[in-house]
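First comes the structure, then the notes that go with it.
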Amino acid sequence: PLVVLFHGLEGCSASHYAHALMHEAGERRCRAAVVHFRGCGGTPNRLPRAYHSGDSAELGWMLRRLRSLCEGPIHAVGVSLGGNVLLKWLGEQGEAAASVIASAAAVSAPVDLTAAGDALGRGFNVVYTRAFLATLKRKSLDKLEHHPQLYDAGRVRRAGTLRAFDDVVTAPLHGFRDADDYWTRSSAKPWLSRVRLSDELVG
C-alpha cells in the first residue's frame with residue numbers, strides 16, 4: 001500500500017506531522033510519500049501561479065499520476081489546507097474517486113475557509129497567521145523578480161492578515177475576484193455530502 005500525504009499551508013516533508021505519519025507508515029510496512037505543493041519543498045516555483053486551498057484539479061492530477069505508477073492501494077491523507085483540498089476533490093469526484101484511491105482521511109481541515117480565515121485573524125491565532133505570512137510574503141516578493149507585474153509589492157508587504165494577503169496575491173493569481181470569492185469557491189464544506197468511496201458514504 002502507498003500512503004500519500006498532502007501537507008498544510010506552508011508545510012512540507014519536514015513538518016512534524018509528516019515525519020510522524022511517514023514513520024508510522026514504515027512501521028506498518030507501507031510505502032509513503034509527501035506531495036509538495038508548488039514552492040513548498042525547498043525548490044522555487046518558477047510559474048506565476050502558486051498553490052491554494054481549493055486546487056483540487058492539481059491534487060487530482062497528482063493522485064492519478066501516482067495511480068499510474070503504483071499497483072497497490074493508495075490511501076490519501078490531507079492535513080489542514082491539504083485536507084480541505086482533498087475533501088473538495090473527493091466531493092467533486094463522488095464515486096469515481098474509488099478508481100484512484102482506496103481510502104482518505106482529513107485532519108484539521110478548514111472546510112469553511114471564510115470562518116477559518118477570519119478566526120486566524122483574531123486572538124492568539126494571530127501568532128499562527130504571522131508565521132504563515134512570513135514565508136508566504138517572502139515567496140510572493142521573490143516571485144516578483146521573475147514576474148514583476150503580478151501584484152503590488154507594497155500591498156504584499158503591508159498584508160497583516162490572510163484575508164489581506166489572499167486579496168492581493170492568492171485570489172488574482174488563480175482567477176478569483178477577491179479573498180471572499182476565493183474562500184467561498186474553494187471551501188470543501190459544500191462538497192462533503194457528495195464524498196463517497198465505492199458505494200459507502202464517508203463521514
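In the C-alpha cells, chains take the letters A, B, ... in the order shown, each chain's residues start at 1, and ligands count up from 1 in the order shown.
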
Backbone DSSP call of alpha helix (DSSP H) for stretch 10-177 of chain A, listed as a PyMOL selection string
chain A and resi 16-27+56-69+81-93+113-119+126-143+153-158+162-165+171-173

Find the residues around A:Asp178 up to 8 Å (only C-alpha atoms counted), leave out those fewer than 6 positions away in its own chain, and share them as a ChimeraX atom specification.
/A:166-168,171-172

Please produce an output containing C-alpha atoms for each residue in the selection, written as a compact mmCIF listing (two decimals), in the first residue's frame.
# COMPACT_ATOMS: atom_id res chain seq x y z
CA ASP A 166 -5.27 36.45 -0.34
CA ASP A 167 -6.87 39.65 -1.67
CA VAL A 168 -3.64 40.86 -3.24
CA ALA A 171 -7.13 35.39 -5.43
CA PRO A 172 -5.95 37.28 -8.54

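Among the candidate residues A:Trp191, A:Trp89, A:Tyr17, A:Phe132, the one lying nearest to A:Phe165 is A:Phe132, with distances computed using only C-alpha atoms.
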
Atom pair atom CA of A:His36 + atom CA of A:Arg64, distance 15.3 Å

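Distance-wise, atom CA of A:Gly8 and atom CA of A:Leu90 end up 17.2 Å apart.
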
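For stretch 13-192 of chain A, the set of residues given strand (DSSP E) by DSSP on the backbone reads Arg31, Ala32, Ala33, Val34, Val35, Ile74, His75, Ala76, Val77, Gly78, Val79, Ser103, Ala104, Ala105, Ala106 and Val107 of chain A.
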
For the residues in the current selection, export all heavy atoms as a CSV table (one decimal), in the first residue's frame.
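Saved file out.csv follows:
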chain,number,residue,atom,x,y,z
A,31,ARG,N,4.5,1.8,1.9
A,31,ARG,CA,5.2,2.9,1.2
A,31,ARG,C,4.5,4.2,1.6
A,31,ARG,O,3.3,4.2,1.8
A,31,ARG,CB,5.3,2.7,-0.3
A,31,ARG,CG,6.0,1.4,-0.7
A,31,ARG,CD,5.9,1.2,-2.2
A,31,ARG,NE,4.5,0.9,-2.5
A,31,ARG,CZ,4.0,1.0,-3.8
A,31,ARG,NH1,4.8,1.3,-4.8
A,31,ARG,NH2,2.8,0.7,-4.0
A,32,ALA,N,5.3,5.3,1.5
A,32,ALA,CA,4.7,6.6,1.9
A,32,ALA,C,5.4,7.7,1.1
A,32,ALA,O,6.6,7.6,0.8
A,32,ALA,CB,4.9,6.8,3.4
A,33,ALA,N,4.6,8.7,0.8
A,33,ALA,CA,5.1,9.9,0.1
A,33,ALA,C,4.4,11.1,0.6
A,33,ALA,O,3.3,11.1,1.0
A,33,ALA,CB,4.8,9.7,-1.4
A,34,VAL,N,5.2,12.2,0.7
A,34,VAL,CA,4.7,13.5,0.9
A,34,VAL,C,4.7,14.3,-0.4
A,34,VAL,O,5.8,14.5,-1.0
A,34,VAL,CB,5.5,14.3,2.0
A,34,VAL,CG1,4.9,15.7,2.3
A,34,VAL,CG2,5.6,13.5,3.3
A,35,VAL,N,3.6,14.7,-0.8
A,35,VAL,CA,3.5,15.5,-2.1
A,35,VAL,C,3.6,17.0,-1.7
A,35,VAL,O,2.9,17.5,-0.9
A,35,VAL,CB,2.1,15.3,-2.8
A,35,VAL,CG1,2.1,16.1,-4.0
A,35,VAL,CG2,2.0,13.8,-3.1
A,74,ILE,N,-3.9,2.9,-2.8
A,74,ILE,CA,-3.4,4.2,-2.4
A,74,ILE,C,-4.3,4.8,-1.3
A,74,ILE,O,-5.6,4.8,-1.5
A,74,ILE,CB,-3.3,5.2,-3.5
A,74,ILE,CG1,-2.3,4.7,-4.6
A,74,ILE,CG2,-2.9,6.6,-3.1
A,74,ILE,CD1,-2.2,5.5,-5.8
A,75,HIS,N,-3.8,5.3,-0.2
A,75,HIS,CA,-4.5,5.8,0.9
A,75,HIS,C,-4.1,7.3,1.0
A,75,HIS,O,-2.9,7.6,1.2
A,75,HIS,CB,-4.3,5.1,2.2
A,75,HIS,CG,-4.6,3.6,2.1
A,75,HIS,ND1,-5.8,3.1,2.1
A,75,HIS,CD2,-3.7,2.5,1.9
A,75,HIS,CE1,-5.8,1.8,1.9
A,75,HIS,NE2,-4.5,1.4,1.8
A,76,ALA,N,-5.0,8.2,0.9
A,76,ALA,CA,-4.6,9.7,0.9
A,76,ALA,C,-5.0,10.3,2.2
A,76,ALA,O,-6.0,10.0,2.8
A,76,ALA,CB,-5.4,10.4,-0.2
A,77,VAL,N,-4.0,11.2,2.7
A,77,VAL,CA,-4.2,11.9,3.9
A,77,VAL,C,-4.0,13.4,3.6
A,77,VAL,O,-3.0,13.7,3.0
A,77,VAL,CB,-3.3,11.4,5.0
A,77,VAL,CG1,-3.5,12.2,6.3
A,77,VAL,CG2,-3.4,9.9,5.3
A,78,GLY,N,-4.9,14.2,4.1
A,78,GLY,CA,-4.7,15.7,3.9
A,78,GLY,C,-4.7,16.4,5.3
A,78,GLY,O,-5.6,16.1,6.1
A,79,VAL,N,-3.7,17.2,5.6
A,79,VAL,CA,-3.7,17.9,6.8
A,79,VAL,C,-4.0,19.4,6.6
A,79,VAL,O,-3.4,20.0,5.7
A,79,VAL,CB,-2.3,17.8,7.5
A,79,VAL,CG1,-2.2,18.6,8.7
A,79,VAL,CG2,-2.1,16.3,7.9
A,103,SER,N,-8.8,4.8,0.2
A,103,SER,CA,-9.4,5.4,1.4
A,103,SER,C,-8.8,6.8,1.5
A,103,SER,O,-7.8,7.2,0.9
A,103,SER,CB,-9.1,4.6,2.6
A,103,SER,OG,-7.7,4.6,3.0
A,104,ALA,N,-9.4,7.6,2.4
A,104,ALA,CA,-8.9,9.0,2.6
A,104,ALA,C,-9.2,9.5,4.0
A,104,ALA,O,-10.2,9.0,4.6
A,104,ALA,CB,-9.6,10.0,1.6
A,105,ALA,N,-8.4,10.3,4.5
A,105,ALA,CA,-8.6,10.9,5.8
A,105,ALA,C,-8.2,12.4,5.8
A,105,ALA,O,-7.1,12.7,5.1
A,105,ALA,CB,-7.8,10.2,6.9
A,106,ALA,N,-8.9,13.3,6.4
A,106,ALA,CA,-8.6,14.7,6.5
A,106,ALA,C,-8.4,15.0,8.0
A,106,ALA,O,-9.2,14.6,8.8
A,106,ALA,CB,-9.7,15.5,5.9
A,107,VAL,N,-7.4,15.8,8.3
A,107,VAL,CA,-7.0,16.1,9.7
A,107,VAL,C,-7.0,17.6,9.8
A,107,VAL,O,-6.3,18.3,9.0
A,107,VAL,CB,-5.6,15.6,10.0
A,107,VAL,CG1,-5.3,15.9,11.5
A,107,VAL,CG2,-5.6,14.1,9.8

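Counting only C-alpha atoms and comparing A:Arg38, A:Pro1, A:Tyr182, A:Gly94, the residue that lies closest to A:Glu71 is A:Pro1.
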